[in-house]
>>> print(open('entry_24.txt').read())   # compact mmCIF, C-alpha atoms (C1' of nucleotides)
# COMPACT_ATOMS: atom_id res chain seq x y z
CA MET A 208 7.22 68.59 59.74
CA ALA A 209 5.68 65.37 58.58
CA GLN A 210 2.61 64.13 60.35
CA LEU A 211 2.89 60.74 61.97
CA GLY A 212 0.64 57.96 60.92
CA LEU A 213 -0.71 57.53 57.44
CA THR A 214 -3.90 58.71 55.84
CA GLU A 215 -6.25 56.15 54.39
CA HIS A 216 -5.13 57.32 50.98
CA GLU A 217 -1.43 56.85 51.72
CA LEU A 218 -1.98 53.51 53.36
CA ARG A 219 -3.83 52.27 50.31
CA ALA A 220 -1.06 53.52 48.04
CA TRP A 221 1.51 51.67 50.10
CA ARG A 222 -0.41 48.41 50.38
CA THR A 223 -1.28 48.34 46.71
CA SER A 224 2.28 49.01 45.61
CA PHE A 225 3.64 46.44 48.00
CA ARG A 226 1.16 43.81 46.97
CA MET A 227 1.59 44.45 43.26
CA VAL A 228 5.31 43.90 43.47
CA GLU A 229 5.00 40.77 45.59
CA LEU A 230 2.59 39.29 43.09
CA LEU A 231 4.69 40.30 40.11
CA ARG A 232 7.81 38.89 41.75
CA ASN A 233 6.07 35.59 42.44
CA ARG A 234 4.78 35.24 38.90
CA ILE A 235 8.18 35.96 37.40
CA GLU A 236 9.82 33.50 39.75
CA GLN A 237 7.30 30.76 39.02
CA GLN A 238 7.93 31.09 35.30
CA LEU A 239 11.70 30.93 35.85
CA GLN A 240 11.39 27.99 38.18
CA ALA A 241 9.07 26.03 35.93
CA SER A 242 10.89 26.68 32.67
CA SER A 243 14.51 26.57 33.81
CA ASP A 244 14.68 25.39 37.41
CA LEU A 245 16.16 28.73 38.44
CA SER A 246 15.09 31.03 41.28
CA ASN A 247 15.09 34.79 40.93
CA ALA A 248 18.23 34.82 43.04
CA ASP A 249 19.92 32.26 40.77
CA TYR A 250 19.01 34.30 37.72
CA THR A 251 20.30 37.52 39.23
CA VAL A 252 23.70 36.00 40.00
CA LEU A 253 23.99 34.38 36.58
CA ALA A 254 23.01 37.59 34.80
CA LEU A 255 25.41 39.78 36.80
CA LEU A 256 28.31 37.39 36.29
CA SER A 257 27.60 37.10 32.57
CA GLU A 258 27.84 40.87 32.22
CA THR A 259 31.33 41.22 33.68
CA PRO A 260 34.52 40.83 31.66
CA GLY A 261 35.92 37.37 32.36
CA ARG A 262 32.53 36.35 33.78
CA ARG A 263 33.93 36.51 37.29
CA LEU A 264 33.63 38.83 40.27
CA ARG A 265 34.92 39.01 43.80
CA ALA A 266 32.22 37.74 46.14
CA TYR A 267 31.87 41.05 47.95
CA GLU A 268 31.62 42.99 44.67
CA LEU A 269 28.92 40.64 43.50
CA ALA A 270 27.08 41.23 46.76
CA GLN A 271 27.44 44.98 46.27
CA VAL A 272 26.10 45.12 42.73
CA ALA A 273 23.24 42.82 43.65
CA GLY A 274 22.55 44.89 46.78
CA TRP A 275 22.72 41.82 49.03
CA GLU A 276 24.35 41.05 52.34
CA LYS A 277 27.55 39.10 52.13
CA SER A 278 26.21 36.07 53.95
CA ARG A 279 23.18 35.93 51.69
CA MET A 280 25.53 35.88 48.71
CA HIS A 281 27.69 33.27 50.39
CA HIS A 282 24.78 30.90 50.96
CA GLN A 283 23.51 31.53 47.44
CA LEU A 284 26.91 30.78 45.89
CA THR A 285 27.19 27.63 47.99
CA ARG A 286 23.87 26.38 46.65
CA MET A 287 24.74 27.33 43.09
CA GLU A 288 28.19 25.77 43.36
CA ARG A 289 26.59 22.49 44.46
CA ARG A 290 24.56 22.57 41.27
CA GLY A 291 27.54 23.44 39.08
CA LEU A 292 26.21 26.85 38.03
CA VAL A 293 29.18 28.77 39.42
CA ALA A 294 32.63 27.96 40.78
CA ARG A 295 34.64 29.66 43.49
CA GLU A 296 38.33 30.39 43.03
CA ARG A 297 40.78 31.88 45.50
CA CYS A 298 41.98 35.30 44.47
CA GLY A 299 44.99 36.65 46.32
CA SER A 300 45.57 35.72 49.94
CA ARG A 301 42.13 36.46 51.29
CA GLY A 302 39.86 36.89 48.29
CA MET A 303 37.32 34.69 46.60
CA ASP A 304 36.12 34.98 43.01
CA ALA A 305 32.77 33.70 41.84
CA VAL A 306 33.11 32.39 38.29
CA LEU A 307 30.34 31.59 35.85
CA THR A 308 30.71 28.00 34.64
CA GLU A 309 29.82 26.74 31.18
CA GLU A 310 26.84 25.05 32.70
CA GLY A 311 25.78 28.27 34.41
CA LEU A 312 26.08 30.18 31.15
CA ALA A 313 24.07 27.52 29.36
CA SER A 314 21.34 27.73 32.01
CA LEU A 315 21.20 31.49 31.66
CA LYS A 316 21.00 31.33 27.88
CA LYS A 317 18.22 28.81 28.10
CA ALA A 318 16.29 30.88 30.63
CA LEU A 319 16.74 34.34 29.15
CA PRO A 320 14.19 34.46 26.33
CA GLY A 321 11.31 33.09 28.38
CA HIS A 322 12.20 35.30 31.31
CA ALA A 323 12.39 38.43 29.17
CA GLU A 324 9.11 37.51 27.56
CA GLU A 325 7.46 37.10 30.95
CA VAL A 326 8.79 40.43 32.20
CA ARG A 327 7.43 42.03 29.06
CA ARG A 328 4.10 40.27 29.31
CA LEU A 329 3.47 40.92 33.01
CA PHE A 330 5.06 44.32 33.45
CA VAL A 331 6.28 46.23 30.40
CA ASP A 332 3.27 45.59 28.18
CA ARG A 333 0.71 46.39 30.87
CA LEU A 334 1.73 50.03 30.72
CA THR A 335 2.10 52.48 27.89
CA ARG A 336 5.58 53.64 27.04
CA GLU A 337 4.95 56.92 28.91
CA GLU A 338 3.59 55.13 31.95
CA LEU A 339 6.56 52.78 32.07
CA ASP A 340 8.92 55.75 31.97
CA GLN A 341 6.97 57.47 34.73
CA PHE A 342 6.96 54.38 36.86
CA ALA A 343 10.67 53.77 36.39
CA SER A 344 11.49 57.37 37.09
CA LEU A 345 9.57 57.36 40.37
CA ALA A 346 11.17 54.04 41.32
CA THR A 347 14.58 55.52 40.57
CA LYS A 348 13.82 58.57 42.68
CA ILE A 349 12.93 56.40 45.67
CA LEU A 350 15.80 53.99 45.10
CA ASN A 351 18.34 56.80 44.95
CA SER A 352 17.11 58.40 48.11
CA LEU A 353 17.10 55.05 49.90
CA GLU A 354 20.60 54.21 48.77
CA ALA A 355 21.87 57.69 49.60
CA GLU A 356 20.54 57.39 53.12
CA GLN A 357 22.47 54.32 54.13
CA MET B 19 24.26 39.44 27.07
CA ALA B 20 21.09 41.40 27.48
CA GLN B 21 18.00 41.75 25.36
CA LEU B 22 16.26 39.23 23.25
CA GLY B 23 12.83 40.34 24.36
CA LEU B 24 13.51 43.60 26.19
CA THR B 25 15.21 46.80 25.18
CA GLU B 26 17.99 48.14 27.36
CA HIS B 27 15.54 50.81 28.44
CA GLU B 28 12.88 48.34 29.48
CA LEU B 29 15.34 46.10 31.22
CA ARG B 30 16.62 49.02 33.26
CA ALA B 31 13.07 50.02 34.17
CA TRP B 32 12.36 46.51 35.38
CA ARG B 33 15.57 46.06 37.34
CA THR B 34 15.30 49.43 39.01
CA SER B 35 11.70 48.90 40.01
CA PHE B 36 12.44 45.43 41.30
CA ARG B 37 15.44 46.53 43.27
CA MET B 38 13.74 49.56 44.74
CA VAL B 39 10.95 47.49 46.13
CA GLU B 40 13.25 44.82 47.52
CA LEU B 41 15.26 47.48 49.32
CA LEU B 42 12.19 49.26 50.60
CA ARG B 43 10.70 45.99 51.79
CA ASN B 44 13.89 45.11 53.65
CA ARG B 45 14.14 48.48 55.35
CA ILE B 46 10.53 48.36 56.48
CA GLU B 47 10.97 44.84 57.78
CA GLN B 48 14.15 45.66 59.66
CA GLN B 49 12.43 48.50 61.46
CA LEU B 50 9.50 46.27 62.37
CA GLN B 51 11.77 43.48 63.51
CA ALA B 52 14.01 45.72 65.59
CA SER B 53 11.25 47.76 67.23
CA SER B 54 8.61 45.11 67.77
CA ASP B 55 10.02 41.69 66.95
CA LEU B 56 7.50 41.30 64.13
CA SER B 57 8.13 40.29 60.52
CA ASN B 58 6.28 41.84 57.64
CA ALA B 59 4.23 38.67 57.44
CA ASP B 60 3.37 38.86 61.15
CA TYR B 61 2.33 42.47 60.77
CA THR B 62 0.17 41.74 57.74
CA VAL B 63 -1.74 39.00 59.56
CA LEU B 64 -2.20 41.09 62.70
CA ALA B 65 -3.37 44.10 60.70
CA LEU B 66 -5.84 42.13 58.60
CA LEU B 67 -7.31 40.35 61.62
CA SER B 68 -7.61 43.61 63.56
CA GLU B 69 -9.66 45.10 60.73
CA THR B 70 -12.34 42.41 60.69
CA PRO B 71 -15.42 42.44 62.92
CA GLY B 72 -14.78 40.01 65.76
CA ARG B 73 -11.08 40.07 64.96
CA ARG B 74 -11.35 36.62 63.45
CA LEU B 75 -11.33 35.16 59.96
CA ARG B 76 -11.50 31.74 58.36
CA ALA B 77 -8.00 30.65 57.44
CA TYR B 78 -8.74 30.50 53.73
CA GLU B 79 -10.35 33.95 53.74
CA LEU B 80 -7.31 35.34 55.49
CA ALA B 81 -5.13 33.75 52.82
CA GLN B 82 -7.32 35.27 50.12
CA VAL B 83 -7.26 38.82 51.43
CA ALA B 84 -3.52 38.62 52.02
CA GLY B 85 -3.03 37.11 48.58
CA TRP B 86 -1.10 34.12 49.98
CA GLU B 87 -1.17 30.41 49.37
CA LYS B 88 -3.03 28.39 51.96
CA SER B 89 0.03 26.52 53.13
CA ARG B 90 2.01 29.71 53.56
CA MET B 91 -0.78 31.01 55.76
CA HIS B 92 -0.92 27.74 57.64
CA HIS B 93 2.79 27.81 58.46
CA GLN B 94 2.57 31.49 59.37
CA LEU B 95 -0.36 30.92 61.73
CA THR B 96 1.45 27.97 63.30
CA ARG B 97 4.44 30.17 64.10
CA MET B 98 2.26 33.00 65.36
CA GLU B 99 0.19 30.65 67.47
CA ARG B 100 3.36 29.37 69.14
CA ARG B 101 4.13 32.95 70.12
CA GLY B 102 0.63 33.64 71.36
CA LEU B 103 -0.16 36.28 68.71
CA VAL B 104 -3.14 34.43 67.29
CA ALA B 105 -5.27 31.43 68.25
CA ARG B 106 -7.01 28.89 66.06
CA GLU B 107 -10.55 27.79 66.73
CA ARG B 108 -12.62 25.16 64.95
CA CYS B 109 -15.50 26.59 63.03
CA GLY B 110 -18.12 24.18 61.83
CA SER B 111 -17.19 20.65 60.92
CA ARG B 112 -14.24 21.38 58.67
CA GLY B 113 -13.38 25.04 59.21
CA MET B 114 -10.72 26.85 61.17
CA ASP B 115 -10.84 30.43 62.39
CA ALA B 116 -7.78 32.49 63.08
CA VAL B 117 -8.44 34.76 66.04
CA LEU B 118 -6.42 37.78 67.14
CA THR B 119 -5.40 37.35 70.80
CA GLU B 120 -5.05 40.16 73.32
CA GLU B 121 -1.33 39.73 73.07
CA GLY B 122 -1.46 39.95 69.29
CA LEU B 123 -3.52 43.10 69.46
CA ALA B 124 -1.10 44.60 71.97
CA SER B 125 1.84 43.79 69.68
CA LEU B 126 0.10 45.41 66.75
CA LYS B 127 -0.74 48.55 68.73
CA LYS B 128 2.84 48.80 69.89
CA ALA B 129 4.22 48.36 66.37
CA LEU B 130 1.78 50.52 64.43
CA PRO B 131 3.06 54.08 65.03
CA GLY B 132 6.70 53.26 64.28
CA HIS B 133 5.74 51.23 61.25
CA ALA B 134 3.53 53.96 59.84
CA GLU B 135 6.25 56.50 60.47
CA GLU B 136 8.77 54.35 58.60
CA VAL B 137 6.45 53.85 55.65
CA ARG B 138 5.95 57.59 55.55
CA ARG B 139 9.62 58.35 55.89
CA LEU B 140 10.90 55.84 53.32
CA PHE B 141 8.11 55.91 50.78
CA VAL B 142 5.34 58.47 51.10
CA ASP B 143 7.52 61.48 51.90
CA ARG B 144 10.05 60.75 49.15
CA LEU B 145 7.45 61.63 46.55
CA THR B 146 5.19 64.60 46.08
CA ARG B 147 1.51 64.06 46.54
CA GLU B 148 1.04 63.98 42.75
CA GLU B 149 3.88 61.51 42.30
CA LEU B 150 2.51 59.23 45.00
CA ASP B 151 -0.87 59.22 43.30
CA GLN B 152 0.73 58.49 39.94
CA PHE B 153 2.78 55.67 41.39
CA ALA B 154 -0.18 54.12 43.18
CA SER B 155 -2.34 54.40 40.11
CA LEU B 156 0.21 52.62 37.93
CA ALA B 157 0.68 49.95 40.61
CA THR B 158 -3.08 49.49 40.74
CA LYS B 159 -3.25 49.16 36.99
CA ILE B 160 -0.65 46.40 36.99
CA LEU B 161 -2.09 44.69 40.07
CA ASN B 162 -5.57 44.61 38.57
CA SER B 163 -4.39 43.16 35.31
CA LEU B 164 -2.32 40.54 37.16
CA GLU B 165 -5.21 39.54 39.38
CA ALA B 166 -7.63 39.53 36.48
CA GLU B 167 -5.44 37.12 34.59
CA GLN B 168 -6.41 34.24 36.77
C1' DG C 283 57.87 45.16 66.60
C1' DC C 284 53.37 45.08 68.84
C1' DC C 285 48.76 45.28 69.12
C1' DA C 286 44.13 46.89 67.75
C1' DT C 287 41.22 47.07 64.24
C1' DC C 288 39.32 46.20 59.79
C1' DG C 289 37.21 43.83 56.02
C1' DA C 290 36.25 39.50 53.40
C1' DG C 291 34.73 35.34 54.06
C1' DT C 292 32.48 31.48 56.69
C1' DT C 293 29.30 29.17 59.68
C1' DG C 294 25.06 27.71 62.24
C1' DA C 295 20.66 28.57 64.04
C1' DC C 296 16.48 29.85 62.90
C1' DG C 297 12.42 32.09 60.61
C1' DT C 298 10.26 32.32 56.08
C1' DG C 299 7.98 30.45 51.74
C1' DT C 300 6.96 26.82 48.03
C1' DC C 301 5.65 22.58 46.32
C1' DA C 302 3.51 18.20 46.27
C1' DA C 303 1.09 14.91 48.63
C1' DC C 304 -2.04 13.81 51.90
C1' DT C 305 -6.80 13.77 55.08
C1' DC C 306 -11.48 14.18 55.41
C1' DG C 307 -16.13 15.97 55.41
C1' DA C 308 -19.35 18.00 51.88
C1' DT C 309 -21.53 17.86 47.43
C1' DG C 310 -23.55 16.18 43.32
C1' DG C 311 -24.50 13.12 39.38
C1' DT C 312 -26.17 8.64 38.32
C1' DA D 286 -27.05 4.42 47.83
C1' DC D 287 -22.72 4.85 45.55
C1' DC D 288 -18.76 6.85 44.13
C1' DA D 289 -16.08 10.81 42.24
C1' DT D 290 -14.74 15.06 43.07
C1' DC D 291 -14.09 19.25 45.56
C1' DG D 292 -12.26 22.45 48.87
C1' DA D 293 -10.16 23.50 53.45
C1' DG D 294 -6.76 22.20 56.07
C1' DT D 295 -2.34 19.78 57.23
C1' DT D 296 2.24 18.02 56.71
C1' DG D 297 7.19 17.42 55.42
C1' DA D 298 11.02 18.28 52.60
C1' DC D 299 13.60 21.62 51.03
C1' DA D 300 15.11 26.29 49.26
C1' DC D 301 15.72 31.01 50.67
C1' DG D 302 17.37 34.90 53.75
C1' DT D 303 18.90 37.15 58.23
C1' DC D 304 21.43 37.65 62.20
C1' DA D 305 25.23 37.17 65.18
C1' DA D 306 29.45 35.21 65.98
C1' DC D 307 33.49 33.59 64.35
C1' DT D 308 38.39 33.19 61.40
C1' DC D 309 42.24 35.22 59.58
C1' DG D 310 45.31 38.00 56.82
C1' DA D 311 46.09 43.09 56.04
C1' DT D 312 46.74 47.72 57.76
C1' DG D 313 47.94 51.50 60.68
C1' DG D 314 49.29 53.89 64.98
C1' DC D 315 52.44 53.84 68.56
>>> encode(input="entry_24.txt", output="structure tokens")
Amino acid sequence: MAQLGLTEHELRAWRTSFRMVELLRNRIEQQLQASSDLSNADYTVLALLSETPGRRLRAYELAQVAGWEKSRMHHQLTRMERRGLVARERCGSRGMDAVLTEEGLASLKKALPGHAEEVRRLFVDRLTREELDQFASLATKILNSLEAEQ
Amino acid sequence: MAQLGLTEHELRAWRTSFRMVELLRNRIEQQLQASSDLSNADYTVLALLSETPGRRLRAYELAQVAGWEKSRMHHQLTRMERRGLVARERCGSRGMDAVLTEEGLASLKKALPGHAEEVRRLFVDRLTREELDQFASLATKILNSLEAEQ
DNA sequence: GCCATCGAGTTGACGTGTCAACTCGATGGT
DNA sequence: ACCATCGAGTTGACACGTCAACTCGATGGC
């Protein structure tokens, strides 16, 4: 039976991990924003759409693969549609496809190298190959158990 | 479409880590919100203030220890002040202290056990003791190098 | 056929966070 | 003494994200 409360040690582990990721996330986003006028959320949607055949996905599928709520995806697509990065197209009687536009694809292609470089610089290259594998494997372990739980 | 600067392996490591933390963060926040009507940001401010002697801190010091921008802290304190969780008091000719109110302290005390339990349940207990130490040590390594950078 | 329910999508209100521009007293070089 | 600059704090515009409530066609039990 797990004890309630956290030890000093565990609390520090949690706070450090949390803070590290917040900081990393902010740095990555600032680089994206400054170099390409894209948010992390924009980039995620563009990248996911670019990886599907036909560069289109049903809105709810897009939300699923991104791990977002449907209304978050809806608002995001609305903002991106206003900027011409994606288009929406009816699909069947009640469906909606999100489609990557030429402009969206161009934005992604422009952003990708600098983004990848920043991820490498701030994350990948700060760890050895073994450490990166360890880190990813622990993250996967937690992610799987979180997603399994519902 | 993937890697100019990252291998498939590295990209997966990054995406998994990123997604894990986003999910974890959301779960923790939902529990806090539902049980105590506090956001993660609220909780952070309350916890930091409660740990200082006098339960007060200059606004810019609070921003520093939280790792936030000053205007984020300002907006946050404004919202919390409206709800009676903190108070602001002038301090010297140009300074401003954030002070934990009785109500803020009561909120924190009410939220703490459930929050700690959730952190334990979703994070600490999903890893062995050795894994948790590994994870925290890698997070610390990255955090230090990020904070050192500027 | 009828009705209840479901799931995808939409909407609006609101809290959260960033950025740039501003105020204003303190500080320091000349 | 003067003026430039600094740092803490403030503000407003706007993007981001959540929640709850809503629409509406599809589906299934009776």
>>> residues_around(input="entry_24.txt", residues="Ser54 of chain B", least_positions_apart="6", cutoff="9 Å", atoms="all atoms listed in the file", output="JSON, numbers by chain")
{"B": [125, 126, 128, 129]}
>>> write_last_selection(input="entry_24.txt", atoms="C-alpha atoms", output="PDB file, in the coordinates of the input")
ATOM      1  CA  SER B 125       1.840  43.790  69.680  1.00  0.00           C
ATOM      2  CA  LEU B 126       0.100  45.410  66.750  1.00  0.00           C
ATOM      3  CA  LYS B 128       2.840  48.800  69.890  1.00  0.00           C
ATOM      4  CA  ALA B 129       4.220  48.360  66.370  1.00  0.00           C
TER       5      ALA B 129
END
>>> closest_residue(input="entry_24.txt", among="B:Arg112, B:Arg76, B:His27, B:His92", to="DG307 of chain C", atoms="all atoms listed in the file")
B:Arg112
>>> calpha_fit_rmsd(input="entry_24.txt", fixed="chain B", moving="chain A")
2.4 Å
>>> axis_aligned_box(input="entry_24.txt", around="segment 288-295 of chain C", padding_each_side="4 Å", output="AutoDock Vina command-line options")
--center_x 30.0 --center_y 37.0 --center_z 58.7 --size_x 26.7 --size_y 26.5 --size_z 18.6
>>> atom_distance(input="entry_24.txt", atom1="atom CA of Pro71 of chain B", atom2="atom CA of Gly110 of chain B")
18.5 Å
>>> closest_residue(input="entry_24.txt", among="B:Met98, B:Leu50, B:Val83, B:Leu103", to="chain A", atoms="all atoms listed in the file")
B:Val83
>>> closest_residue(input="entry_24.txt", among="A:Glu229, A:Glu268, A:Glu217, A:Glu276", to="chain D", atoms="all atoms listed in the file")
A:Glu276
>>> decode(input="entry_24.txt", residues="segment 96-130 of chain B", atoms="N, CA and C atoms", output="PDB file, in the first residue's frame")
ATOM      1  N   THR B  96      -2.881  38.991  -9.800  1.00  0.00           N
ATOM      2  CA  THR B  96      -4.119  39.764  -9.919  1.00  0.00           C
ATOM      3  C   THR B  96      -5.343  38.850  -9.789  1.00  0.00           C
ATOM      4  N   ARG B  97      -5.284  37.726 -10.507  1.00  0.00           N
ATOM      5  CA  ARG B  97      -6.422  36.786 -10.429  1.00  0.00           C
ATOM      6  C   ARG B  97      -6.561  36.197  -9.035  1.00  0.00           C
ATOM      7  N   MET B  98      -5.424  35.862  -8.419  1.00  0.00           N
ATOM      8  CA  MET B  98      -5.490  35.252  -7.095  1.00  0.00           C
ATOM      9  C   MET B  98      -5.918  36.258  -6.038  1.00  0.00           C
ATOM     10  N   GLU B  99      -5.527  37.514  -6.236  1.00  0.00           N
ATOM     11  CA  GLU B  99      -5.929  38.548  -5.297  1.00  0.00           C
ATOM     12  C   GLU B  99      -7.453  38.735  -5.346  1.00  0.00           C
ATOM     13  N   ARG B 100      -7.996  38.702  -6.564  1.00  0.00           N
ATOM     14  CA  ARG B 100      -9.456  38.822  -6.706  1.00  0.00           C
ATOM     15  C   ARG B 100     -10.184  37.744  -5.928  1.00  0.00           C
ATOM     16  N   ARG B 101      -9.567  36.561  -5.833  1.00  0.00           N
ATOM     17  CA  ARG B 101     -10.215  35.460  -5.140  1.00  0.00           C
ATOM     18  C   ARG B 101      -9.823  35.377  -3.670  1.00  0.00           C
ATOM     19  N   GLY B 102      -8.989  36.314  -3.241  1.00  0.00           N
ATOM     20  CA  GLY B 102      -8.647  36.360  -1.818  1.00  0.00           C
ATOM     21  C   GLY B 102      -7.556  35.385  -1.397  1.00  0.00           C
ATOM     22  N   LEU B 103      -6.859  34.776  -2.367  1.00  0.00           N
ATOM     23  CA  LEU B 103      -5.844  33.775  -2.033  1.00  0.00           C
ATOM     24  C   LEU B 103      -4.522  34.418  -1.626  1.00  0.00           C
ATOM     25  N   VAL B 104      -4.246  35.580  -2.198  1.00  0.00           N
ATOM     26  CA  VAL B 104      -3.047  36.319  -1.809  1.00  0.00           C
ATOM     27  C   VAL B 104      -3.423  37.795  -1.670  1.00  0.00           C
ATOM     28  N   ALA B 105      -2.548  38.558  -1.046  1.00  0.00           N
ATOM     29  CA  ALA B 105      -2.710  40.012  -0.999  1.00  0.00           C
ATOM     30  C   ALA B 105      -1.415  40.624  -1.500  1.00  0.00           C
ATOM     31  N   ARG B 106      -1.494  41.855  -1.966  1.00  0.00           N
ATOM     32  CA  ARG B 106      -0.290  42.587  -2.348  1.00  0.00           C
ATOM     33  C   ARG B 106      -0.091  43.715  -1.346  1.00  0.00           C
ATOM     34  N   GLU B 107       1.172  43.927  -0.983  1.00  0.00           N
ATOM     35  CA  GLU B 107       1.472  45.035  -0.080  1.00  0.00           C
ATOM     36  C   GLU B 107       2.700  45.771  -0.577  1.00  0.00           C
ATOM     37  N   ARG B 108       2.635  47.091  -0.581  1.00  0.00           N
ATOM     38  CA  ARG B 108       3.806  47.878  -0.981  1.00  0.00           C
ATOM     39  C   ARG B 108       4.962  47.555  -0.049  1.00  0.00           C
ATOM     40  N   CYS B 109       6.139  47.673  -0.610  1.00  0.00           N
ATOM     41  CA  CYS B 109       7.338  47.304   0.140  1.00  0.00           C
ATOM     42  C   CYS B 109       8.430  48.235  -0.323  1.00  0.00           C
ATOM     43  N   GLY B 110       8.718  49.237   0.490  1.00  0.00           N
ATOM     44  CA  GLY B 110       9.657  50.256   0.053  1.00  0.00           C
ATOM     45  C   GLY B 110       8.982  51.153  -0.966  1.00  0.00           C
ATOM     46  N   SER B 111       9.790  51.934  -1.644  1.00  0.00           N
ATOM     47  CA  SER B 111       9.216  52.958  -2.521  1.00  0.00           C
ATOM     48  C   SER B 111       8.713  52.369  -3.832  1.00  0.00           C
ATOM     49  N   ARG B 112       9.357  51.309  -4.304  1.00  0.00           N
ATOM     50  CA  ARG B 112       8.951  50.787  -5.613  1.00  0.00           C
ATOM     51  C   ARG B 112       8.691  49.293  -5.601  1.00  0.00           C
ATOM     52  N   GLY B 113       8.614  48.695  -4.413  1.00  0.00           N
ATOM     53  CA  GLY B 113       8.468  47.237  -4.363  1.00  0.00           C
ATOM     54  C   GLY B 113       7.061  46.781  -4.047  1.00  0.00           C
ATOM     55  N   MET B 114       6.802  45.524  -4.310  1.00  0.00           N
ATOM     56  CA  MET B 114       5.493  44.945  -4.042  1.00  0.00           C
ATOM     57  C   MET B 114       5.691  43.539  -3.489  1.00  0.00           C
ATOM     58  N   ASP B 115       5.138  43.296  -2.316  1.00  0.00           N
ATOM     59  CA  ASP B 115       5.174  41.954  -1.746  1.00  0.00           C
ATOM     60  C   ASP B 115       3.901  41.205  -2.085  1.00  0.00           C
ATOM     61  N   ALA B 116       4.035  39.939  -2.374  1.00  0.00           N
ATOM     62  CA  ALA B 116       2.874  39.057  -2.422  1.00  0.00           C
ATOM     63  C   ALA B 116       2.814  38.330  -1.094  1.00  0.00           C
ATOM     64  N   VAL B 117       1.646  38.350  -0.465  1.00  0.00           N
ATOM     65  CA  VAL B 117       1.483  37.771   0.859  1.00  0.00           C
ATOM     66  C   VAL B 117       0.399  36.703   0.818  1.00  0.00           C
ATOM     67  N   LEU B 118       0.703  35.548   1.406  1.00  0.00           N
ATOM     68  CA  LEU B 118      -0.281  34.471   1.489  1.00  0.00           C
ATOM     69  C   LEU B 118      -1.344  34.847   2.512  1.00  0.00           C
ATOM     70  N   THR B 119      -2.605  34.834   2.146  1.00  0.00           N
ATOM     71  CA  THR B 119      -3.675  35.140   3.104  1.00  0.00           C
ATOM     72  C   THR B 119      -4.058  33.876   3.867  1.00  0.00           C
ATOM     73  N   GLU B 120      -4.862  34.069   4.913  1.00  0.00           N
ATOM     74  CA  GLU B 120      -5.368  32.911   5.662  1.00  0.00           C
ATOM     75  C   GLU B 120      -6.158  32.002   4.730  1.00  0.00           C
ATOM     76  N   GLU B 121      -6.937  32.637   3.871  1.00  0.00           N
ATOM     77  CA  GLU B 121      -7.755  31.860   2.951  1.00  0.00           C
ATOM     78  C   GLU B 121      -6.886  31.076   1.969  1.00  0.00           C
ATOM     79  N   GLY B 122      -5.811  31.718   1.514  1.00  0.00           N
ATOM     80  CA  GLY B 122      -4.900  31.027   0.613  1.00  0.00           C
ATOM     81  C   GLY B 122      -4.237  29.837   1.289  1.00  0.00           C
ATOM     82  N   LEU B 123      -3.832  30.041   2.520  1.00  0.00           N
ATOM     83  CA  LEU B 123      -3.202  28.960   3.277  1.00  0.00           C
ATOM     84  C   LEU B 123      -4.179  27.814   3.485  1.00  0.00           C
ATOM     85  N   ALA B 124      -5.434  28.183   3.789  1.00  0.00           N
ATOM     86  CA  ALA B 124      -6.460  27.151   3.996  1.00  0.00           C
ATOM     87  C   ALA B 124      -6.682  26.354   2.709  1.00  0.00           C
ATOM     88  N   SER B 125      -6.726  27.050   1.573  1.00  0.00           N
ATOM     89  CA  SER B 125      -6.890  26.375   0.283  1.00  0.00           C
ATOM     90  C   SER B 125      -5.754  25.393   0.035  1.00  0.00           C
ATOM     91  N   LEU B 126      -4.547  25.868   0.308  1.00  0.00           N
ATOM     92  CA  LEU B 126      -3.376  25.017   0.084  1.00  0.00           C
ATOM     93  C   LEU B 126      -3.441  23.772   0.960  1.00  0.00           C
ATOM     94  N   LYS B 127      -3.773  23.970   2.231  1.00  0.00           N
ATOM     95  CA  LYS B 127      -3.827  22.836   3.161  1.00  0.00           C
ATOM     96  C   LYS B 127      -4.892  21.831   2.741  1.00  0.00           C
ATOM     97  N   LYS B 128      -5.979  22.361   2.198  1.00  0.00           N
ATOM     98  CA  LYS B 128      -7.048  21.474   1.757  1.00  0.00           C
ATOM     99  C   LYS B 128      -6.610  20.685   0.523  1.00  0.00           C
ATOM    100  N   ALA B 129      -5.845  21.353  -0.355  1.00  0.00           N
ATOM    101  CA  ALA B 129      -5.488  20.725  -1.628  1.00  0.00           C
ATOM    102  C   ALA B 129      -4.310  19.760  -1.508  1.00  0.00           C
ATOM    103  N   LEU B 130      -3.430  20.026  -0.553  1.00  0.00           N
ATOM    104  CA  LEU B 130      -2.144  19.324  -0.528  1.00  0.00           C
ATOM    105  C   LEU B 130      -2.234  17.789  -0.518  1.00  0.00           C
TER     106      LEU B 130
END
